[in-house]
Amino acid sequence: MAEFKDKKDAELIKLLVEKRKLLHDFNIGTSGSKTRNVKEGQNLKKDIARILTELNTRKRGQPKN
């Protein structure tokens, strides 16, 4: 989680898009049994959740206008 706290919002959003693309490709690959590392999907989901958690924490931490 510390790796995500050091990044800016724009970088996190870019990373989130990349992780979602990788997860999509992973899910498509599993249907054809091309995947060797089955834990990769779980790790991608966890990373996506961590990024979203960090973004939401920052969003809620800001004062309301």
# chains A, B, ... in the order shown; residues from 1 in each chain; ligands from 1
call {"tool": "select_by_dssp", "arguments": {"residues": "stretch 2-51 of chain A", "states": "alpha helix (DSSP H)", "output": "PyMOL selection string"}}
result
chain A and resi 2-5+9-31+39-51
call {"tool": "closest_residue", "arguments": {"among": "A:Glu3, A:His24, A:Val38, A:Asp9", "to": "A:Thr57", "atoms": "only C-alpha atoms"}}
result
A:Asp9
call {"tool": "closest_residue", "arguments": {"among": "A:Lys14, A:Lys5, A:Arg20, A:Arg36", "to": "A:Glu54", "atoms": "only C-alpha atoms"}}
result
A:Lys5
call {"tool": "residues_around", "arguments": {"residues": "A:Ile51", "least_positions_apart": "3", "cutoff": "8 Å", "atoms": "only C-alpha atoms", "output": "ChimeraX atom specification"}}
result
/A:4,12,16,47-48,54-55
call {"tool": "atom_distance", "arguments": {"atom1": "atom CA of A:Asp6", "atom2": "atom CA of A:Leu22"}}
result
22.3 Å
call {"tool": "closest_residue", "arguments": {"among": "A:Leu44, A:Val17, A:Arg50, A:Phe26", "to": "A:Ala2", "atoms": "only C-alpha atoms"}}
result
A:Arg50
call {"tool": "atom_distance", "arguments": {"atom1": "atom CA of A:Lys59", "atom2": "atom CA of A:Ile13"}}
result
12.9 Å
